[in-house]
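Shown next: my_file03.txt, containing compact mmCIF, C-alpha atoms.
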```
# COMPACT_ATOMS: atom_id res chain seq x y z
CA GLU C 2 0.00 0.00 0.00
CA THR C 3 1.64 3.24 -1.07
CA GLY C 4 -0.99 5.76 -2.09
CA VAL C 5 1.72 8.39 -2.44
CA THR C 6 3.05 9.10 -5.92
CA GLN C 7 6.15 11.12 -6.69
CA THR C 8 7.35 12.44 -10.04
CA PRO C 9 9.81 12.42 -11.58
CA ARG C 10 11.63 9.33 -10.30
CA HIS C 11 14.97 10.66 -11.47
CA LEU C 12 16.13 14.20 -12.14
CA VAL C 13 19.45 15.56 -13.31
CA MET C 14 19.87 19.30 -13.24
CA GLY C 15 22.54 21.92 -13.52
CA MET C 16 23.18 24.42 -10.80
CA THR C 17 21.46 27.20 -12.73
CA ASN C 18 18.31 25.22 -13.57
CA LYS C 19 14.86 25.54 -12.04
CA LYS C 20 12.85 22.38 -11.57
CA SER C 21 9.98 21.11 -9.44
CA LEU C 22 9.29 17.83 -7.68
CA LYS C 23 5.69 16.72 -7.41
CA CYS C 24 3.94 14.57 -4.83
CA GLU C 25 0.34 13.41 -4.78
CA GLN C 26 -1.40 11.39 -2.09
CA HIS C 27 -4.65 9.47 -2.53
CA LEU C 28 -5.15 8.55 1.12
CA GLY C 29 -7.21 11.47 2.34
CA HIS C 30 -4.46 12.53 4.72
CA ASN C 31 -4.13 16.04 6.10
CA ALA C 32 -0.38 16.31 6.60
CA MET C 33 2.34 16.08 3.95
CA TYR C 34 6.10 16.05 4.36
CA TRP C 35 9.32 16.45 2.42
CA TYR C 36 12.32 14.46 3.58
CA LYS C 37 15.87 14.44 2.26
CA GLN C 38 17.77 11.14 2.28
CA SER C 39 21.54 11.36 1.84
CA ALA C 40 23.98 8.48 2.06
CA LYS C 41 24.97 7.48 5.59
CA LYS C 42 22.83 10.19 7.20
CA PRO C 43 19.48 9.96 8.94
CA LEU C 44 16.47 11.08 6.98
CA GLU C 45 16.20 14.83 7.33
CA LEU C 46 12.79 16.41 7.71
CA MET C 47 12.65 19.47 5.48
CA PHE C 48 9.08 20.76 5.45
CA VAL C 49 5.70 19.81 6.82
CA TYR C 50 2.29 21.00 5.72
CA SER C 51 -0.71 20.34 7.93
CA LEU C 52 -4.11 21.22 6.53
CA GLU C 53 -2.29 23.10 3.76
CA GLU C 54 -0.45 25.33 6.19
CA ARG C 55 3.30 25.08 6.49
CA VAL C 56 3.99 24.11 10.09
CA GLU C 57 7.64 23.12 9.94
CA ASN C 58 10.67 24.43 8.13
CA ASN C 59 13.84 22.80 9.36
CA SER C 60 16.34 25.50 8.47
CA VAL C 61 16.23 24.54 4.85
CA PRO C 62 18.08 26.86 2.41
CA SER C 63 15.87 29.18 0.42
CA ARG C 64 16.88 27.45 -2.83
CA PHE C 65 14.25 24.88 -1.79
CA SER C 66 10.72 26.27 -1.91
CA PRO C 67 7.71 24.11 -1.00
CA GLU C 68 4.16 24.60 -2.15
CA CYS C 69 0.98 22.86 -1.02
CA PRO C 70 -1.99 24.02 -3.13
CA ASN C 71 -4.37 21.50 -1.55
CA SER C 72 -4.29 18.58 0.86
CA SER C 73 -3.52 16.07 -1.90
CA HIS C 74 -0.63 17.79 -3.66
CA LEU C 75 2.79 18.91 -2.57
CA PHE C 76 5.56 20.47 -4.62
CA LEU C 77 9.20 21.21 -4.00
CA HIS C 78 10.54 23.94 -6.25
CA LEU C 79 14.27 23.87 -6.81
CA HIS C 80 16.53 26.64 -8.05
CA THR C 81 20.27 27.32 -8.09
CA LEU C 82 21.01 24.08 -6.29
CA GLN C 83 24.45 22.93 -5.20
CA PRO C 84 26.07 19.54 -5.84
CA GLU C 85 25.65 18.67 -2.13
CA ASP C 86 21.90 18.84 -2.67
CA SER C 87 22.11 15.61 -4.65
CA ALA C 88 20.02 13.11 -2.71
CA LEU C 89 16.81 11.10 -2.66
CA TYR C 90 13.86 13.36 -1.88
CA LEU C 91 10.98 11.57 -0.27
CA CYS C 92 7.43 12.74 0.14
CA ALA C 93 5.20 11.34 2.87
CA SER C 94 1.74 11.85 4.27
CA SER C 95 -0.11 11.13 7.50
CA GLN C 96 -3.35 11.88 9.29
CA SER C 97 -2.77 15.05 11.30
CA ARG C 98 -3.31 13.40 14.67
CA GLY C 99 0.11 13.53 16.18
CA SER C 100 3.06 11.47 17.18
CA ASN C 101 1.60 8.00 16.98
CA GLU C 102 0.70 8.33 13.32
CA LYS C 103 2.49 6.22 10.76
CA LEU C 104 3.84 7.88 7.66
CA PHE C 105 3.13 6.71 4.16
CA PHE C 106 5.99 7.38 1.77
CA GLY C 107 6.36 7.77 -1.95
CA SER C 108 9.20 6.14 -3.88
CA GLY C 109 11.18 9.36 -4.01
CA THR C 110 12.91 11.47 -6.60
CA GLN C 111 16.62 10.74 -7.04
CA LEU C 112 18.14 14.14 -7.69
CA SER C 113 21.58 14.70 -9.16
CA VAL C 114 22.95 18.24 -9.31
CA LEU C 115 25.84 18.70 -11.72
CA ALA N 13 17.57 15.95 22.29
CA GLN N 14 16.27 12.88 20.55
CA LYS N 15 18.63 10.49 18.80
CA VAL N 16 18.41 7.06 17.20
CA THR N 17 21.52 4.95 16.61
CA GLN N 18 21.69 2.01 14.26
CA ALA N 19 25.29 0.94 14.60
CA GLN N 20 25.11 -1.78 11.96
CA THR N 21 25.61 -0.16 8.59
CA GLU N 22 25.27 -3.31 6.54
CA ILE N 23 24.56 -6.96 7.32
CA SER N 24 24.91 -9.85 4.90
CA VAL N 25 23.30 -13.21 5.58
CA VAL N 26 22.43 -16.31 3.64
CA GLU N 27 18.81 -17.22 3.15
CA LYS N 28 17.17 -18.99 6.11
CA GLU N 29 19.54 -17.46 8.63
CA ASP N 30 18.11 -15.44 11.49
CA VAL N 31 19.25 -11.83 11.73
CA THR N 32 18.83 -9.11 14.35
CA LEU N 33 18.95 -5.42 13.58
CA ASP N 34 19.89 -3.24 16.52
CA CYS N 35 18.34 0.08 17.45
CA VAL N 36 19.33 2.22 20.43
CA TYR N 37 17.60 5.50 21.15
CA GLU N 38 18.04 8.53 23.37
CA THR N 39 15.26 10.71 24.70
CA ARG N 40 14.41 12.64 27.82
CA ASP N 41 10.72 12.12 27.28
CA THR N 42 8.96 9.56 29.43
CA THR N 43 6.39 8.89 26.74
CA TYR N 44 7.27 8.31 23.12
CA TYR N 45 6.67 6.06 20.15
CA LEU N 46 9.15 3.84 18.35
CA PHE N 47 8.85 2.71 14.76
CA TRP N 48 10.52 0.45 12.24
CA TYR N 49 10.32 1.11 8.51
CA LYS N 50 11.58 -0.98 5.59
CA GLN N 51 12.96 0.64 2.43
CA PRO N 52 13.14 -1.87 -0.44
CA PRO N 53 15.06 -1.05 -3.64
CA SER N 54 11.96 0.64 -5.05
CA GLY N 55 12.59 3.49 -2.63
CA GLU N 56 9.45 4.02 -0.58
CA LEU N 57 9.66 3.45 3.15
CA VAL N 58 7.09 0.95 4.36
CA PHE N 59 5.76 0.98 7.91
CA LEU N 60 6.44 -2.23 9.86
CA ILE N 61 5.61 -1.58 13.50
CA ARG N 62 4.80 1.10 16.05
CA ARG N 63 5.39 0.70 19.79
CA ASN N 64 4.29 2.93 22.66
CA SER N 65 6.91 3.45 25.36
CA PHE N 66 4.49 2.14 27.99
CA ASP N 67 4.10 -1.16 26.21
CA GLU N 68 7.20 -3.28 26.66
CA GLN N 69 5.65 -6.49 25.45
CA ASN N 70 7.57 -8.08 22.65
CA GLU N 71 5.71 -8.52 19.41
CA ILE N 72 5.81 -11.21 16.76
CA SER N 73 4.37 -10.92 13.28
CA GLY N 74 5.11 -13.92 11.14
CA ARG N 75 8.88 -14.09 10.68
CA TYR N 76 9.34 -10.67 12.24
CA SER N 77 9.74 -10.00 15.95
CA TRP N 78 10.61 -6.97 17.99
CA ASN N 79 12.30 -6.77 21.39
CA PHE N 80 11.66 -3.52 23.25
CA GLN N 81 13.78 -2.99 26.38
CA LYS N 82 13.23 0.35 28.03
CA SER N 83 16.01 -0.31 30.56
CA THR N 84 18.60 -0.35 27.80
CA SER N 85 16.77 2.05 25.45
CA SER N 86 16.76 -0.54 22.72
CA PHE N 87 14.18 -1.65 20.19
CA ASN N 88 15.72 -4.50 18.23
CA PHE N 89 14.21 -6.20 15.22
CA THR N 90 14.72 -9.88 14.39
CA ILE N 91 13.92 -11.61 11.12
CA THR N 92 13.68 -15.36 11.43
CA ALA N 93 14.51 -17.59 8.47
CA SER N 94 15.44 -14.64 6.28
CA GLN N 95 14.46 -14.56 2.62
CA VAL N 96 15.87 -12.75 -0.39
CA VAL N 97 12.82 -10.48 -0.38
CA ASP N 98 13.89 -9.20 3.03
CA SER N 99 16.83 -7.43 1.37
CA ALA N 100 16.27 -3.74 2.07
CA VAL N 101 17.36 -0.86 4.26
CA TYR N 102 15.65 -0.88 7.64
CA PHE N 103 15.12 2.31 9.63
CA CYS N 104 14.36 2.67 13.30
CA ALA N 105 12.65 5.93 14.33
CA LEU N 106 11.52 7.75 17.45
CA SER N 107 8.61 10.13 17.90
CA PRO N 108 8.28 12.34 20.99
CA VAL N 109 4.73 12.45 22.31
CA GLY N 110 5.25 16.09 23.25
CA GLU N 111 4.49 16.88 19.65
CA GLU N 112 0.97 15.53 20.08
CA ASN N 113 -0.70 18.85 19.51
CA THR N 114 1.30 20.03 16.56
CA GLY N 115 -0.88 18.17 14.13
CA PHE N 116 1.84 16.24 12.39
CA GLN N 117 4.37 13.48 12.87
CA LYS N 118 7.94 14.51 13.74
CA LEU N 119 10.04 11.38 13.50
CA VAL N 120 13.73 11.14 14.34
CA PHE N 121 15.30 8.47 12.17
CA GLY N 122 18.43 6.41 12.53
CA THR N 123 20.88 6.07 9.66
CA GLY N 124 19.45 2.71 8.64
CA THR N 125 20.84 -0.81 8.33
CA ARG N 126 21.18 -2.33 4.89
CA LEU N 127 20.32 -6.03 4.95
CA LEU N 128 21.51 -8.23 2.10
CA VAL N 129 20.08 -11.73 1.96
CA SER N 130 21.70 -13.97 -0.58
CA PRO N 131 20.24 -17.22 -1.90
```
Let's see the structure in the file written out as structure tokens.
Amino acid sequence: ETGVTQTPRHLVMGMTNKKSLKCEQHLGHNAMYWYKQSAKKPLELMFVYSLEERVENNSVPSRFSPECPNSSHLFLHLHTLQPEDSALYLCASSQSRGSNEKLFFGSGTQLSVL
Amino acid sequence: AQKVTQAQTEISVVEKEDVTLDCVYETRDTTYYLFWYKQPPSGELVFLIRRNSFDEQNEISGRYSWNFQKSTSSFNFTITASQVVDSAVYFCALSPVGEENTGFQKLVFGTGTRLLVSP
């Protein structure tokens, strides 16, 4: 059971490009998340939207810009990225009921910044 | 501060062997939740189990079992008679209950353990 779809699966971009990652959830959840997964590091929570309001921004550089137009869609807009931003970007969703909720993840976008 | 340590970076076993993945956590909270997630090669993390800090009963689900020991702050995961399909990265995670009213889940993940099961 996934219910969370991410596109594209792979993305290669130059440091001057602008691109967007898309996430869609079909689970009726109210909270959506962006995580960054880098090799040998714990998953890093980047942004959280709850009921379409951004409720968490974990000191993420401004070259990452999230957007949540409705409870089913989440975007991550990318511009002037750095090579160290290359990573797997995972989207997740949950019911907005707190710390016992399980997250449902998408398959991620593997981003390479050249 | 919350922290989750998975000291085993990678484990290789042969099919049918039993394998235990270790998870040690740090928290000052008296109430919290612990989770295990599986990340197969396809990329998405899949929920396996959730445990409340007040519930120290071990749990078994098929070939999977979990040993929660609050005294040692450990929440270890054992796969019995491993299979090739168990090959994946496994993440242990901690959620502080203090975040109950924020309206979202704020998990602290470990670095994961990659399990390779060969035929």
* To do: Please determine the contact residues of chain C with respect to chain N at a cut-off of 8 Å, counting all atoms listed in the file, and supply them as a PyMOL selection string.
  => chain C and resi 3+32+41-44+46+49+51+91+95-109
* Asked: What lies within 10 Å of range 69-72 of chain C using all atoms listed in the file, ignoring chain neighbours under 5 positions off, as a ChimeraX atom specification?
  -> /C:24-27,29-33,49-55,77,94
* Would you kindly return, as JSON, numbers by chain, each protein, DNA or RNA residue with an atom no farther than 10 Å from any atom of range 90-98 of chain N, considering all atoms listed in the file and excluding same-chain residues fewer than 3 positions away? => {"N": [25, 26, 27, 28, 29, 30, 31, 32, 33, 34, 50, 51, 52, 72, 73, 74, 75, 76, 77, 78, 79, 101, 102, 127, 128, 129, 130, 131]}
Those residues you just picked out, can you put them in a file as a PDB file, keeping the file's coordinate frame with C-alpha atoms?
```
ATOM      1  CA  VAL N  25      23.300 -13.210   5.580  1.00  0.00           C
ATOM      2  CA  VAL N  26      22.430 -16.310   3.640  1.00  0.00           C
ATOM      3  CA  GLU N  27      18.810 -17.220   3.150  1.00  0.00           C
ATOM      4  CA  LYS N  28      17.170 -18.990   6.110  1.00  0.00           C
ATOM      5  CA  GLU N  29      19.540 -17.460   8.630  1.00  0.00           C
ATOM      6  CA  ASP N  30      18.110 -15.440  11.490  1.00  0.00           C
ATOM      7  CA  VAL N  31      19.250 -11.830  11.730  1.00  0.00           C
ATOM      8  CA  THR N  32      18.830  -9.110  14.350  1.00  0.00           C
ATOM      9  CA  LEU N  33      18.950  -5.420  13.580  1.00  0.00           C
ATOM     10  CA  ASP N  34      19.890  -3.240  16.520  1.00  0.00           C
ATOM     11  CA  LYS N  50      11.580  -0.980   5.590  1.00  0.00           C
ATOM     12  CA  GLN N  51      12.960   0.640   2.430  1.00  0.00           C
ATOM     13  CA  PRO N  52      13.140  -1.870  -0.440  1.00  0.00           C
ATOM     14  CA  ILE N  72       5.810 -11.210  16.760  1.00  0.00           C
ATOM     15  CA  SER N  73       4.370 -10.920  13.280  1.00  0.00           C
ATOM     16  CA  GLY N  74       5.110 -13.920  11.140  1.00  0.00           C
ATOM     17  CA  ARG N  75       8.880 -14.090  10.680  1.00  0.00           C
ATOM     18  CA  TYR N  76       9.340 -10.670  12.240  1.00  0.00           C
ATOM     19  CA  SER N  77       9.740 -10.000  15.950  1.00  0.00           C
ATOM     20  CA  TRP N  78      10.610  -6.970  17.990  1.00  0.00           C
ATOM     21  CA  ASN N  79      12.300  -6.770  21.390  1.00  0.00           C
ATOM     22  CA  VAL N 101      17.360  -0.860   4.260  1.00  0.00           C
ATOM     23  CA  TYR N 102      15.650  -0.880   7.640  1.00  0.00           C
ATOM     24  CA  LEU N 127      20.320  -6.030   4.950  1.00  0.00           C
ATOM     25  CA  LEU N 128      21.510  -8.230   2.100  1.00  0.00           C
ATOM     26  CA  VAL N 129      20.080 -11.730   1.960  1.00  0.00           C
ATOM     27  CA  SER N 130      21.700 -13.970  -0.580  1.00  0.00           C
ATOM     28  CA  PRO N 131      20.240 -17.220  -1.900  1.00  0.00           C
TER      29      PRO N 131
END
```
* So what do you get for CA of Tyr34 in chain C versus CA of His80 in chain C, distance-wise? ->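 CA of His80 in chain C lies at a distance of 19.4 Å from CA of Tyr34 in chain C.
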* Work out how far CA of Met47 in chain C is from CA of Val61 in chain C, in Å to one decimal. => 6.2 Å
* With distances taken over only C-alpha atoms, which of C:Thr6, C:Asn58, C:Phe48, C:His78 is nearest to Tyr36 in chain C? ->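 Of all the options, C:Phe48 lies closest to Tyr36 in chain C.
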* What is the distance, in Å and to one decimal place, between CA of Tyr90 in chain C and CA of Ser39 in chain C? -> 8.8 Å
* To do: Name all residues at most 8 Å from Phe76 in chain C (count only C-alpha atoms; drop same-chain ones fewer than 3 positions away) and give them as a PyMOL selection string.
  => chain C and resi 21-24+67-69
* **Within 6 Å of Thr110 in chain C using only C-alpha atoms, minus same-chain residues under 5 positions, as a list of chain:residue names** => C:Pro9, C:Arg10, C:His11, C:Leu89, C:Tyr90
* To do: List every protein, DNA or RNA residue that has an atom no more than 8 Å from (20.8, 20.9, -11.4) in the file's coordinate frame, counting only C-alpha atoms, and report them as a list in words.
  =>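 With a cut-off of 8 Å, the residues come to Val13, Met14, Gly15, Met16, Thr17, Asn18, Lys19, His80, Thr81, Leu82, Gln83, Pro84, Ser113, Val114 and Leu115 of chain C.
Each of N:Arg126, N:Glu68, N:Glu38, N:Ala100 was compared to Ser85 in chain N using only C-alpha atoms, and N:Glu38 turns out to be the nearest.
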